[in-house]
>>> print(open('entry.tsv').read())   # TSV, C-alpha atoms
chain	number	residue	atom	x	y	z
U	21	MET	CA	28.66	90.15	113.33
U	22	ARG	CA	31.38	87.71	112.30
U	23	TYR	CA	31.58	86.93	108.56
U	24	VAL	CA	32.71	83.45	107.51
U	25	TYR	CA	33.38	82.68	103.87
U	26	ALA	CA	32.94	78.91	103.54
U	27	ASP	CA	32.34	78.49	99.81
U	28	ASN	CA	35.87	78.16	98.48
U	29	ALA	CA	34.78	75.41	96.08
U	30	ALA	CA	32.73	78.07	94.26
U	31	THR	CA	35.60	80.55	94.10
U	32	THR	CA	38.50	81.78	96.21
U	33	ALA	CA	39.78	85.20	97.15
U	34	VAL	CA	42.63	86.36	94.95
U	35	SER	CA	45.80	86.29	97.03
U	36	PRO	CA	47.76	89.52	97.62
U	37	HIS	CA	50.83	87.86	96.11
U	38	VAL	CA	48.91	87.17	92.92
U	39	VAL	CA	47.57	90.74	92.73
U	40	GLU	CA	51.08	92.09	93.21
U	41	ALA	CA	52.44	89.87	90.42
U	42	MET	CA	49.65	90.82	88.01
U	43	LEU	CA	49.68	94.60	88.41
U	44	PRO	CA	52.81	95.36	86.33
U	45	TYR	CA	51.25	93.56	83.35
U	46	MET	CA	48.28	95.92	83.47
U	47	THR	CA	50.45	99.02	83.69
U	48	GLU	CA	54.06	99.25	82.45
U	49	HIS	CA	54.33	95.74	80.88
U	50	TYR	CA	51.11	95.90	78.87
U	51	GLY	CA	52.54	94.79	75.52
U	52	ASN	CA	51.08	92.15	73.22
U	53	PRO	CA	53.10	88.92	73.65
U	54	SER	CA	53.14	88.43	69.87
U	55	SER	CA	54.91	91.75	69.26
U	56	LEU	CA	58.64	91.75	68.55
U	57	TYR	CA	59.57	94.98	70.35
U	58	SER	CA	60.79	94.87	73.94
U	59	ILE	CA	57.54	95.60	75.78
U	60	GLY	CA	55.86	92.77	73.85
U	61	GLN	CA	58.72	90.36	74.52
U	62	THR	CA	58.52	91.17	78.23
U	63	ALA	CA	54.91	89.98	78.15
U	64	HIS	CA	55.91	86.96	76.07
U	65	ARG	CA	58.49	85.92	78.65
U	66	ALA	CA	55.93	86.32	81.44
U	67	VAL	CA	53.52	83.94	79.68
U	68	ALA	CA	56.35	81.45	79.13
U	69	LYS	CA	57.30	81.62	82.82
U	70	ALA	CA	53.70	80.96	83.87
U	71	ARG	CA	53.51	78.01	81.49
U	72	ALA	CA	56.61	76.56	83.11
U	73	GLN	CA	55.11	77.12	86.57
U	74	VAL	CA	51.91	75.26	85.67
U	75	ALA	CA	53.87	72.45	84.04
U	76	ASP	CA	56.12	72.10	87.08
U	77	ALA	CA	53.14	71.92	89.44
U	78	LEU	CA	51.58	69.08	87.41
U	79	GLY	CA	54.73	67.14	86.56
U	80	ALA	CA	54.23	67.99	82.89
U	81	GLU	CA	56.26	69.58	80.11
U	82	GLU	CA	55.83	73.23	79.15
U	83	ARG	CA	54.70	72.37	75.62
U	84	GLU	CA	51.87	70.29	77.10
U	85	ILE	CA	50.19	73.29	78.80
U	86	PHE	CA	47.60	75.38	76.94
U	87	PHE	CA	46.00	78.38	78.59
U	88	THR	CA	42.21	78.72	78.44
U	89	SER	CA	39.49	80.91	79.94
U	90	GLY	CA	38.85	78.32	82.67
U	91	GLY	CA	37.86	74.77	83.49
U	92	SER	CA	34.68	74.58	81.42
U	93	GLU	CA	36.51	75.60	78.26
U	94	ALA	CA	39.28	73.11	78.97
U	95	ASP	CA	36.73	70.33	79.53
U	96	ASN	CA	34.96	71.13	76.28
U	97	TRP	CA	38.20	71.25	74.32
U	98	ALA	CA	39.48	67.96	75.70
U	99	ILE	CA	36.23	66.01	75.34
U	100	LYS	CA	35.09	67.33	71.96
U	101	GLY	CA	38.63	67.11	70.65
U	102	ALA	CA	39.08	63.50	71.76
U	103	ALA	CA	35.67	62.64	70.30
U	104	ALA	CA	36.70	64.12	66.95
U	105	LEU	CA	39.93	62.11	66.99
U	106	GLY	CA	37.98	58.97	67.79
U	107	ALA	CA	35.43	59.57	65.08
U	108	LYS	CA	38.23	59.68	62.49
U	109	LYS	CA	39.04	56.10	63.51
U	110	GLY	CA	35.40	55.03	63.58
U	111	LYS	CA	35.31	55.07	67.39
U	112	LYS	CA	32.31	56.97	68.77
U	113	HIS	CA	31.87	55.66	72.33
U	114	LEU	CA	32.72	57.72	75.42
U	115	ILE	CA	32.67	56.87	79.13
U	116	THR	CA	32.06	59.21	82.05
U	117	THR	CA	30.30	59.15	85.42
U	118	LYS	CA	26.86	60.21	86.61
U	119	PHE	CA	28.20	62.87	88.97
U	120	GLU	CA	30.50	64.90	86.76
U	121	HIS	CA	30.36	68.67	86.57
U	122	HIS	CA	27.84	69.92	84.01
U	123	ALA	CA	30.71	71.16	81.84
U	124	VAL	CA	31.31	67.46	81.18
U	125	LEU	CA	27.74	66.15	81.29
U	126	HIS	CA	26.34	68.81	78.96
U	127	THR	CA	29.22	68.27	76.55
U	128	MET	CA	28.44	64.57	76.52
U	129	ALA	CA	24.78	65.31	75.83
U	130	ALA	CA	25.78	67.50	72.89
U	131	LEU	CA	27.97	64.72	71.49
U	132	GLU	CA	25.13	62.22	71.83
U	133	LYS	CA	23.09	64.43	69.51
U	134	GLN	CA	25.94	64.10	67.01
U	135	GLY	CA	25.74	60.30	67.01
U	136	PHE	CA	28.17	59.39	69.78
U	137	THR	CA	27.16	56.93	72.50
U	138	VAL	CA	27.99	57.60	76.14
U	139	THR	CA	28.19	55.25	79.12
U	140	TYR	CA	27.48	56.94	82.46
U	141	LEU	CA	29.09	54.99	85.30
U	142	ASP	CA	27.62	54.63	88.79
U	143	VAL	CA	29.55	56.11	91.72
U	144	TYR	CA	27.85	54.28	94.61
U	145	GLU	CA	27.06	55.52	98.09
U	146	ASN	CA	30.63	56.47	98.93
U	147	GLY	CA	30.86	58.69	95.86
U	148	ILE	CA	33.79	56.84	94.33
U	149	VAL	CA	34.05	55.27	90.88
U	150	ARG	CA	35.16	51.65	90.77
U	151	PRO	CA	38.03	51.05	88.32
U	152	GLU	CA	36.61	47.63	87.45
U	153	ASP	CA	33.45	49.33	86.21
U	154	VAL	CA	35.57	51.48	83.91
U	155	GLU	CA	37.35	48.42	82.58
U	156	LYS	CA	34.08	46.58	81.92
U	157	ALA	CA	32.61	49.57	80.11
U	158	ILE	CA	35.48	49.97	77.63
U	159	THR	CA	34.78	48.49	74.21
U	160	ASP	CA	36.60	48.44	70.89
U	161	ASP	CA	34.66	51.60	69.99
U	162	THR	CA	35.71	53.61	73.07
U	163	CYS	CA	37.74	56.73	72.30
U	164	LEU	CA	37.72	58.52	75.66
U	165	VAL	CA	37.20	58.03	79.38
U	166	THR	CA	36.68	61.19	81.45
U	167	VAL	CA	36.41	60.97	85.24
U	168	MET	CA	36.69	64.00	87.52
U	169	TYR	CA	39.63	64.02	89.93
U	170	ALA	CA	37.56	65.19	92.90
U	171	ASN	CA	33.85	65.87	92.99
U	172	ASN	CA	32.89	69.52	93.27
U	173	GLU	CA	29.97	68.92	95.64
U	174	ILE	CA	30.92	66.06	97.94
U	175	GLY	CA	34.70	66.25	97.56
U	176	THR	CA	35.38	62.57	96.99
U	177	ILE	CA	38.72	61.83	95.32
U	178	GLN	CA	38.70	59.22	92.58
U	179	PRO	CA	41.27	56.42	91.93
U	180	ILE	CA	42.72	58.38	89.03
U	181	ALA	CA	46.02	56.52	88.62
U	182	GLU	CA	44.28	53.15	88.46
U	183	ILE	CA	41.66	54.35	85.99
U	184	GLY	CA	44.39	55.90	83.86
U	185	ARG	CA	46.37	52.65	83.89
U	186	ILE	CA	43.35	50.71	82.66
U	187	CYS	CA	42.74	53.23	79.89
U	188	HIS	CA	46.35	53.04	78.73
U	189	GLU	CA	46.26	49.25	78.69
U	190	LYS	CA	43.15	49.44	76.52
U	191	GLY	CA	44.55	52.15	74.24
U	192	VAL	CA	41.93	54.71	75.29
U	193	LEU	CA	42.53	58.40	76.05
U	194	PHE	CA	41.95	59.46	79.66
U	195	HIS	CA	40.87	62.95	80.71
U	196	THR	CA	40.19	64.26	84.20
U	197	ASP	CA	38.42	67.43	85.29
U	198	ALA	CA	40.75	68.44	88.12
U	199	VAL	CA	39.28	71.90	88.70
U	200	GLN	CA	38.58	71.19	92.39
U	201	ALA	CA	41.79	69.26	92.99
U	202	VAL	CA	44.63	71.36	91.56
U	203	GLY	CA	46.35	73.31	94.31
U	204	HIS	CA	44.75	71.20	97.03
U	205	VAL	CA	46.09	67.68	96.47
U	206	LYS	CA	49.33	66.42	94.96
U	207	ILE	CA	49.07	65.71	91.24
U	208	ASN	CA	51.58	64.24	88.81
U	209	VAL	CA	50.11	63.64	85.38
U	210	LYS	CA	52.84	61.21	84.30
U	211	GLU	CA	52.74	59.07	87.43
U	212	GLN	CA	48.93	59.05	87.43
U	213	ASN	CA	48.55	58.06	83.77
U	214	ILE	CA	46.62	61.21	82.84
U	215	ASP	CA	46.45	62.17	79.15
U	216	MET	CA	44.48	65.41	79.58
U	217	LEU	CA	43.64	67.52	82.63
U	218	SER	CA	41.51	70.64	83.11
U	219	LEU	CA	42.11	73.32	85.75
U	220	SER	CA	40.77	76.75	86.66
U	221	GLY	CA	42.71	79.49	88.44
U	222	HIS	CA	39.96	80.97	90.57
U	223	LYS	CA	39.72	77.74	92.58
U	224	PHE	CA	43.17	78.35	94.06
U	225	HIS	CA	43.48	82.12	94.54
U	226	ALA	CA	44.10	83.27	90.97
U	227	VAL	CA	41.57	85.44	89.13
U	228	LYS	CA	38.41	84.29	87.39
U	229	GLY	CA	38.57	83.80	83.65
U	230	VAL	CA	41.87	81.96	83.31
U	231	GLY	CA	42.62	78.24	83.34
U	232	ALA	CA	44.59	75.62	81.48
U	233	LEU	CA	44.42	72.32	79.69
U	234	TYR	CA	47.24	69.80	80.06
U	235	CYS	CA	47.39	67.72	76.89
U	236	LYS	CA	50.02	65.00	76.70
U	237	LYS	CA	52.52	65.39	73.87
U	238	GLY	CA	51.54	63.33	70.86
U	239	ILE	CA	47.82	63.98	71.29
U	240	ARG	CA	46.89	66.43	68.53
U	241	LEU	CA	43.48	67.80	69.46
U	242	PRO	CA	41.69	69.86	66.80
U	243	ASN	CA	42.28	73.59	67.19
U	244	LEU	CA	39.88	75.23	69.62
U	245	ILE	CA	39.88	78.69	68.02
U	246	GLU	CA	41.22	79.54	64.56
U	247	GLY	CA	42.82	82.86	63.68
U	248	GLY	CA	46.28	83.20	65.22
U	249	ALA	CA	49.48	81.55	66.35
U	250	GLN	CA	48.80	81.80	70.07
U	251	GLU	CA	49.03	78.61	72.17
U	252	SER	CA	51.04	76.88	69.43
U	253	GLY	CA	48.33	77.77	66.95
U	254	ARG	CA	45.73	75.74	68.83
U	255	ARG	CA	43.77	78.57	70.51
U	256	ALA	CA	43.88	81.89	68.71
U	257	GLY	CA	43.42	85.20	70.51
U	258	THR	CA	45.68	87.61	72.35
U	259	GLU	CA	46.68	86.09	75.67
U	260	ASN	CA	45.27	87.30	78.98
U	261	VAL	CA	48.77	88.13	80.22
U	262	PRO	CA	47.90	89.43	83.71
U	263	GLY	CA	45.58	86.49	84.36
U	264	ILE	CA	48.12	83.97	83.11
U	265	VAL	CA	50.85	85.51	85.26
U	266	GLY	CA	48.55	85.31	88.27
U	267	LEU	CA	47.72	81.69	87.49
U	268	GLY	CA	51.39	80.76	87.46
U	269	VAL	CA	52.08	82.50	90.77
U	270	ALA	CA	48.98	81.03	92.42
U	271	ILE	CA	49.64	77.43	91.40
U	272	THR	CA	53.27	77.73	92.55
U	273	ASP	CA	52.26	79.19	95.91
U	274	MET	CA	49.64	76.50	96.49
U	275	THR	CA	51.93	73.65	95.45
U	276	GLU	CA	54.75	74.83	97.69
U	277	HIS	CA	52.46	74.96	100.75
U	278	LEU	CA	50.20	72.06	99.81
U	279	GLU	CA	50.93	69.69	102.68
U	280	GLU	CA	50.72	72.26	105.47
U	281	ASN	CA	47.56	73.78	104.00
U	282	ALA	CA	45.91	70.39	103.61
U	283	LYS	CA	46.70	69.43	107.20
U	284	LYS	CA	45.29	72.68	108.57
U	285	VAL	CA	42.14	72.68	106.45
U	286	ALA	CA	41.38	68.98	106.97
U	287	ALA	CA	41.54	69.43	110.74
U	288	MET	CA	38.95	72.22	110.59
U	289	ARG	CA	36.75	70.15	108.27
U	290	ASP	CA	36.87	67.20	110.65
U	291	ARG	CA	35.80	69.46	113.52
U	292	LEU	CA	32.83	70.54	111.45
U	293	PHE	CA	31.88	66.95	110.73
U	294	GLU	CA	32.20	66.00	114.39
U	295	GLY	CA	30.06	68.89	115.56
U	296	ALA	CA	27.40	68.76	112.85
U	297	SER	CA	27.04	64.99	113.13
U	298	LYS	CA	25.55	65.54	116.61
U	299	ILE	CA	22.47	66.99	114.91
U	300	SER	CA	19.83	64.27	114.67
U	301	HIS	CA	18.84	62.84	111.29
U	302	SER	CA	21.98	64.08	109.57
U	303	ARG	CA	24.36	62.21	107.28
U	304	ILE	CA	27.78	62.82	105.73
U	305	ASN	CA	27.78	62.64	101.94
U	306	GLY	CA	30.54	60.54	100.44
U	307	ASP	CA	33.69	58.84	101.66
U	308	THR	CA	35.35	60.52	104.63
U	309	GLU	CA	38.88	59.27	103.89
U	310	HIS	CA	39.30	59.83	100.15
U	311	ARG	CA	38.15	63.42	100.24
U	312	LEU	CA	39.37	66.94	99.52
U	313	PRO	CA	40.83	68.51	102.68
U	314	GLY	CA	38.34	71.37	102.86
U	315	ASN	CA	35.14	69.70	101.71
U	316	PHE	CA	32.22	69.33	104.13
U	317	SER	CA	29.00	67.93	102.68
U	318	MET	CA	26.05	66.78	104.78
U	319	CYS	CA	22.30	66.37	104.46
U	320	PHE	CA	19.82	67.26	107.18
U	321	GLU	CA	16.41	65.60	106.93
U	322	GLY	CA	13.34	67.78	107.18
U	323	VAL	CA	15.23	70.86	105.99
U	324	GLU	CA	15.00	72.73	102.70
U	325	GLY	CA	18.46	73.62	101.43
U	326	GLU	CA	17.74	77.06	100.03
U	327	SER	CA	16.20	78.24	103.30
U	328	LEU	CA	19.19	76.85	105.17
U	329	LEU	CA	21.59	78.88	103.00
U	330	LEU	CA	19.60	82.08	103.43
U	331	MET	CA	19.48	81.72	107.20
U	332	LEU	CA	23.18	80.95	107.37
U	333	ASP	CA	23.84	84.08	105.33
U	334	MET	CA	21.82	86.08	107.86
U	335	GLN	CA	24.24	84.75	110.49
U	336	GLY	CA	27.28	85.75	108.44
U	337	VAL	CA	28.10	82.37	106.87
U	338	ALA	CA	28.52	82.05	103.10
U	339	ALA	CA	27.78	78.46	102.11
U	340	SER	CA	26.15	76.48	99.30
U	341	SER	CA	24.02	73.41	98.78
U	342	GLY	CA	26.11	72.16	95.86
U	343	SER	CA	27.72	73.47	92.71
U	344	ALA	CA	27.63	77.24	92.19
U	345	CYS	CA	26.99	76.53	88.50
U	346	THR	CA	23.52	75.13	89.33
U	347	SER	CA	22.60	77.39	92.24
U	348	GLY	CA	19.55	78.70	90.36
U	349	SER	CA	17.96	75.27	90.14
U	350	LEU	CA	15.35	74.02	92.61
U	351	ASP	CA	15.99	70.40	91.66
U	352	PRO	CA	18.04	68.27	94.07
U	353	SER	CA	21.68	67.81	93.21
U	354	HIS	CA	22.38	65.23	90.50
U	355	VAL	CA	25.50	64.34	92.50
U	356	LEU	CA	23.50	63.41	95.60
U	357	LEU	CA	20.96	61.48	93.55
U	358	ALA	CA	23.84	59.63	91.88
U	359	ILE	CA	25.08	58.34	95.26
U	360	GLY	CA	21.60	57.02	96.03
U	361	LEU	CA	19.99	59.70	98.20
U	362	LYS	CA	16.23	60.17	98.06
U	363	HIS	CA	14.92	63.48	96.72
U	364	GLU	CA	13.60	64.62	100.08
U	365	VAL	CA	16.94	63.95	101.77
U	366	ALA	CA	19.03	65.50	98.98
U	367	HIS	CA	17.00	68.71	99.24
U	368	GLY	CA	18.47	69.28	102.71
U	369	SER	CA	22.10	69.37	101.59
U	370	LEU	CA	24.77	71.74	102.84
U	371	ARG	CA	28.24	72.18	101.37
U	372	LEU	CA	30.90	74.07	103.28
U	373	SER	CA	34.28	74.36	101.58
U	374	LEU	CA	37.08	75.66	103.73
U	375	GLY	CA	40.33	77.22	102.64
U	376	GLU	CA	43.67	78.31	104.03
U	377	ASN	CA	42.22	81.66	105.06
U	378	ASN	CA	39.63	80.10	107.36
U	379	THR	CA	40.28	79.86	111.10
U	380	GLU	CA	39.25	77.79	114.08
U	381	GLU	CA	37.06	80.73	115.13
U	382	ASP	CA	35.21	80.38	111.82
U	383	VAL	CA	34.49	76.75	112.65
U	384	ASP	CA	33.29	77.75	116.13
U	385	HIS	CA	30.90	80.28	114.63
U	386	ILE	CA	29.44	77.80	112.13
U	387	LEU	CA	28.89	75.17	114.82
U	388	GLU	CA	27.27	77.80	117.02
U	389	VAL	CA	24.72	79.02	114.47
U	390	LEU	CA	23.99	75.84	112.48
U	391	PRO	CA	22.05	73.72	115.06
U	392	PRO	CA	19.51	76.42	116.00
U	393	ILE	CA	18.92	77.15	112.31
U	394	ILE	CA	18.23	73.46	111.67
U	395	ASP	CA	15.85	73.37	114.64
U	396	ARG	CA	13.98	76.46	113.45
U	397	LEU	CA	13.57	75.15	109.92
U	398	ARG	CA	12.37	71.78	111.19
U	399	ASP	CA	9.81	73.48	113.42
U	400	MET	CA	8.32	75.02	110.26
U	401	SER	CA	8.55	71.89	108.11
U	402	PRO	CA	5.58	69.60	107.35
U	403	LEU	CA	8.12	67.04	106.12
U	404	TRP	CA	9.86	67.00	109.50
U	405	GLU	CA	6.50	66.57	111.21
U	406	HIS	CA	5.83	63.60	108.93
U	407	ILE	CA	9.25	62.08	109.73
U	408	MET	CA	8.63	62.38	113.46
U	409	GLU	CA	5.13	60.91	113.13
U	410	ASN	CA	6.49	57.90	111.27
U	411	GLU	CA	9.10	57.31	113.98
U	412	LYS	CA	6.43	57.34	116.66
U	413	ASN	CA	4.42	54.73	114.79
U	414	LYS	CA	7.32	52.33	114.32
>>> encode(input="entry.tsv", output="structure tokens")
Amino acid sequence: MRYVYADNAATTAVSPHVVEAMLPYMTEHYGNPSSLYSIGQTAHRAVAKARAQVADALGAEEREIFFTSGGSEADNWAIKGAAALGAKKGKKHLITTKFEHHAVLHTMAALEKQGFTVTYLDVYENGIVRPEDVEKAITDDTCLVTVMYANNEIGTIQPIAEIGRICHEKGVLFHTDAVQAVGHVKINVKEQNIDMLSLSGHKFHAVKGVGALYCKKGIRLPNLIEGGAQESGRRAGTENVPGIVGLGVAITDMTEHLEENAKKVAAMRDRLFEGASKISHSRINGDTEHRLPGNFSMCFEGVEGESLLLMLDMQGVAASSGSACTSGSLDPSHVLLAIGLKHEVAHGSLRLSLGENNTEEDVDHILEVLPPIIDRLRDMSPLWEHIMENEKNK
């Protein structure tokens, strides 16, 4: 049976090039980057090279890149740090959106318990934040606006440059969770008015457990971890040298081939949309134009999402109904509820996220097995029977 991995938004396969680059730093170049002898300095130079690679990919400066364990850590550091800076000035208001990743939403909830106030912006049916709503929400007490670059479930890309411009005009820090976007769309932090940006390597073929925070020079966030001089004294702890090396190689590879990859992946995604849209009582989630190249998100009425995923897996297709970070929850996606879907519709969601390693044959296989699975699930569904009965009585 054919196996199709279509959950690249959850994680990606580590590329052979990345593995090759990492291996020497787990064998002969295993020194501690803080050591002065040659094997340590070899590791130190490797970390510096990776920092330059990440900076180059984002249009940043090397001193503005801080390595972390991943996107969630970077989000926490940026948001809690900006909140602490604001509190020193008596500013304790933050702005975000209703469909952020839980690394942002849960951090906001924690800050609310500490006396901060948070405005959660609507994202509307197309899954895109309106810059004018950001502008209206900013007050004299606002210390931070954080809006994700691209949504992790429905793939919609936000007007980041415009939101950043508004924040700068108002003297407010602007952070974006770009975990899903880095390596897949062109980013330039200077041109897009971004003060802080979070990324995670395993979303673009590096290993799990390594990421980075871009923090614009002049913004002095409180130290994340005390105890050492690593990361300019801001995040103590011996560096994950192999992971950092892999991150640098992966982000360089993805940036160099970004346009050709995006064109290939978007074409496959559009074929999926075209084919799946022929299934009755289906709908595409979010804007189809301002969207990550590989993101497919649809809802199928009368279908329960978890059963859909299990049956797809039986047919060799790895998919998801939303964020992998909430896959254990039976509640409908907060993202889909935020764009106005009813609970019973949101429960029938399917996310397919394609990558450069997918093929046209993968798309053929998905479109072959998906319709009969939908039909089978609807045949067993009391909800579908109710939907059909209502249509007859109209």
>>> closest_atom_pairs(input="entry.tsv", of="segment 111-176 of chain U", to="segment 23-47 of chain U", cutoff="12 Å", atoms="only C-alpha atoms", output="Markdown table")
| residue | atom | partner | partner_atom | distance |
| --- | --- | --- | --- | --- |
| U:Ala170 | CA | U:Ala29 | CA | 11.1 |
| U:Asn171 | CA | U:Ala29 | CA | 10.1 |
| U:Asn172 | CA | U:Ala29 | CA | 6.8 |
| U:Glu173 | CA | U:Ala29 | CA | 8.1 |
| U:Ile174 | CA | U:Ala29 | CA | 10.3 |
| U:Gly175 | CA | U:Ala29 | CA | 9.3 |
>>> atom_distance(input="entry.tsv", atom1="atom CA of Pro352 of chain U", atom2="atom CA of His225 of chain U")
29.0 Å
>>> closest_residue(input="entry.tsv", among="U:Arg291, U:Lys236, U:His367, U:His277", to="Lys206 of chain U", atoms="all atoms listed in the file")
U:His277
>>> closest_residue(input="entry.tsv", among="U:Ala287, U:Ala256, U:Val74, U:Ala358", to="Val202 of chain U", atoms="all atoms listed in the file")
U:Val74
>>> residues_around(input="entry.tsv", residues="Ser220 of chain U", least_positions_apart="2", cutoff="7 Å", atoms="only C-alpha atoms", output="ChimeraX atom specification")
/U:90-91,199,222-223,230-232
>>> closest_residue(input="entry.tsv", among="U:Val265, U:Ala75, U:Leu330, U:Val165", to="Pro151 of chain U", atoms="all atoms listed in the file")
U:Val165
>>> residues_near_point(input="entry.tsv", point="(42.6, 55.5, 72.9)", cutoff="7 Å", atoms="only C-alpha atoms", output="PDB file with C-alpha atoms, keeping the file's coordinate frame")
ATOM      1  CA  CYS U 163      37.740  56.730  72.300  1.00  0.00           C
ATOM      2  CA  LEU U 164      37.720  58.520  75.660  1.00  0.00           C
ATOM      3  CA  GLY U 191      44.550  52.150  74.240  1.00  0.00           C
ATOM      4  CA  VAL U 192      41.930  54.710  75.290  1.00  0.00           C
ATOM      5  CA  LEU U 193      42.530  58.400  76.050  1.00  0.00           C
TER       6      LEU U 193
END
>>> closest_atom_pairs(input="entry.tsv", of="segment 203-320 of chain U", to="segment 378-389 of chain U", cutoff="12 Å", atoms="only C-alpha atoms", output="JSON lines")
{"residue": "U:Asn281", "atom": "CA", "partner": "U:Asn378", "partner_atom": "CA", "distance": 10.7}
{"residue": "U:Lys284", "atom": "CA", "partner": "U:Thr379", "partner_atom": "CA", "distance": 9.1}
{"residue": "U:Val285", "atom": "CA", "partner": "U:Asn378", "partner_atom": "CA", "distance": 7.9}
{"residue": "U:Ala286", "atom": "CA", "partner": "U:Asn378", "partner_atom": "CA", "distance": 11.3}
{"residue": "U:Ala287", "atom": "CA", "partner": "U:Glu380", "partner_atom": "CA", "distance": 9.3}
{"residue": "U:Met288", "atom": "CA", "partner": "U:Glu380", "partner_atom": "CA", "distance": 6.6}
{"residue": "U:Arg289", "atom": "CA", "partner": "U:Val383", "partner_atom": "CA", "distance": 8.2}
{"residue": "U:Asp290", "atom": "CA", "partner": "U:Val383", "partner_atom": "CA", "distance": 10.0}
{"residue": "U:Arg291", "atom": "CA", "partner": "U:Val383", "partner_atom": "CA", "distance": 7.5}
{"residue": "U:Leu292", "atom": "CA", "partner": "U:Val383", "partner_atom": "CA", "distance": 6.5}
{"residue": "U:Phe293", "atom": "CA", "partner": "U:Leu387", "partner_atom": "CA", "distance": 9.7}
{"residue": "U:Glu294", "atom": "CA", "partner": "U:Leu387", "partner_atom": "CA", "distance": 9.8}
{"residue": "U:Gly295", "atom": "CA", "partner": "U:Leu387", "partner_atom": "CA", "distance": 6.4}
{"residue": "U:Ala296", "atom": "CA", "partner": "U:Leu387", "partner_atom": "CA", "distance": 6.9}
{"residue": "U:Ser297", "atom": "CA", "partner": "U:Leu387", "partner_atom": "CA", "distance": 10.5}
{"residue": "U:Lys298", "atom": "CA", "partner": "U:Leu387", "partner_atom": "CA", "distance": 10.3}
{"residue": "U:Ile299", "atom": "CA", "partner": "U:Leu387", "partner_atom": "CA", "distance": 10.4}
{"residue": "U:Gly314", "atom": "CA", "partner": "U:Asn378", "partner_atom": "CA", "distance": 9.9}
{"residue": "U:Phe316", "atom": "CA", "partner": "U:Val383", "partner_atom": "CA", "distance": 11.5}
>>> closest_residue(input="entry.tsv", among="U:Val149, U:Ala226, U:Ile158, U:Ala70", to="Gln178 of chain U", atoms="all atoms listed in the file")
U:Val149
>>> residues_near_point(input="entry.tsv", point="(34.0, 55.2, 93.5)", cutoff="12 Å", atoms="only C-alpha atoms", output="JSON, numbers by chain")
{"U": [117, 118, 119, 141, 142, 143, 144, 145, 146, 147, 148, 149, 150, 151, 152, 153, 154, 167, 168, 169, 170, 171, 175, 176, 177, 178, 179, 180, 182, 183, 306, 307, 310, 311, 358, 359]}
>>> write_last_selection(input="entry.tsv", atoms="C-alpha atoms", output="mmCIF file, in the frame of the given file")
data_model
loop_
_atom_site.group_PDB
_atom_site.id
_atom_site.type_symbol
_atom_site.label_atom_id
_atom_site.label_comp_id
_atom_site.auth_asym_id
_atom_site.auth_seq_id
_atom_site.Cartn_x
_atom_site.Cartn_y
_atom_site.Cartn_z
ATOM 1 C CA THR U 117 30.300 59.150 85.420
ATOM 2 C CA LYS U 118 26.860 60.210 86.610
ATOM 3 C CA PHE U 119 28.200 62.870 88.970
ATOM 4 C CA LEU U 141 29.090 54.990 85.300
ATOM 5 C CA ASP U 142 27.620 54.630 88.790
ATOM 6 C CA VAL U 143 29.550 56.110 91.720
ATOM 7 C CA TYR U 144 27.850 54.280 94.610
ATOM 8 C CA GLU U 145 27.060 55.520 98.090
ATOM 9 C CA ASN U 146 30.630 56.470 98.930
ATOM 10 C CA GLY U 147 30.860 58.690 95.860
ATOM 11 C CA ILE U 148 33.790 56.840 94.330
ATOM 12 C CA VAL U 149 34.050 55.270 90.880
ATOM 13 C CA ARG U 150 35.160 51.650 90.770
ATOM 14 C CA PRO U 151 38.030 51.050 88.320
ATOM 15 C CA GLU U 152 36.610 47.630 87.450
ATOM 16 C CA ASP U 153 33.450 49.330 86.210
ATOM 17 C CA VAL U 154 35.570 51.480 83.910
ATOM 18 C CA VAL U 167 36.410 60.970 85.240
ATOM 19 C CA MET U 168 36.690 64.000 87.520
ATOM 20 C CA TYR U 169 39.630 64.020 89.930
ATOM 21 C CA ALA U 170 37.560 65.190 92.900
ATOM 22 C CA ASN U 171 33.850 65.870 92.990
ATOM 23 C CA GLY U 175 34.700 66.250 97.560
ATOM 24 C CA THR U 176 35.380 62.570 96.990
ATOM 25 C CA ILE U 177 38.720 61.830 95.320
ATOM 26 C CA GLN U 178 38.700 59.220 92.580
ATOM 27 C CA PRO U 179 41.270 56.420 91.930
ATOM 28 C CA ILE U 180 42.720 58.380 89.030
ATOM 29 C CA GLU U 182 44.280 53.150 88.460
ATOM 30 C CA ILE U 183 41.660 54.350 85.990
ATOM 31 C CA GLY U 306 30.540 60.540 100.440
ATOM 32 C CA ASP U 307 33.690 58.840 101.660
ATOM 33 C CA HIS U 310 39.300 59.830 100.150
ATOM 34 C CA ARG U 311 38.150 63.420 100.240
ATOM 35 C CA ALA U 358 23.840 59.630 91.880
ATOM 36 C CA ILE U 359 25.080 58.340 95.260
#
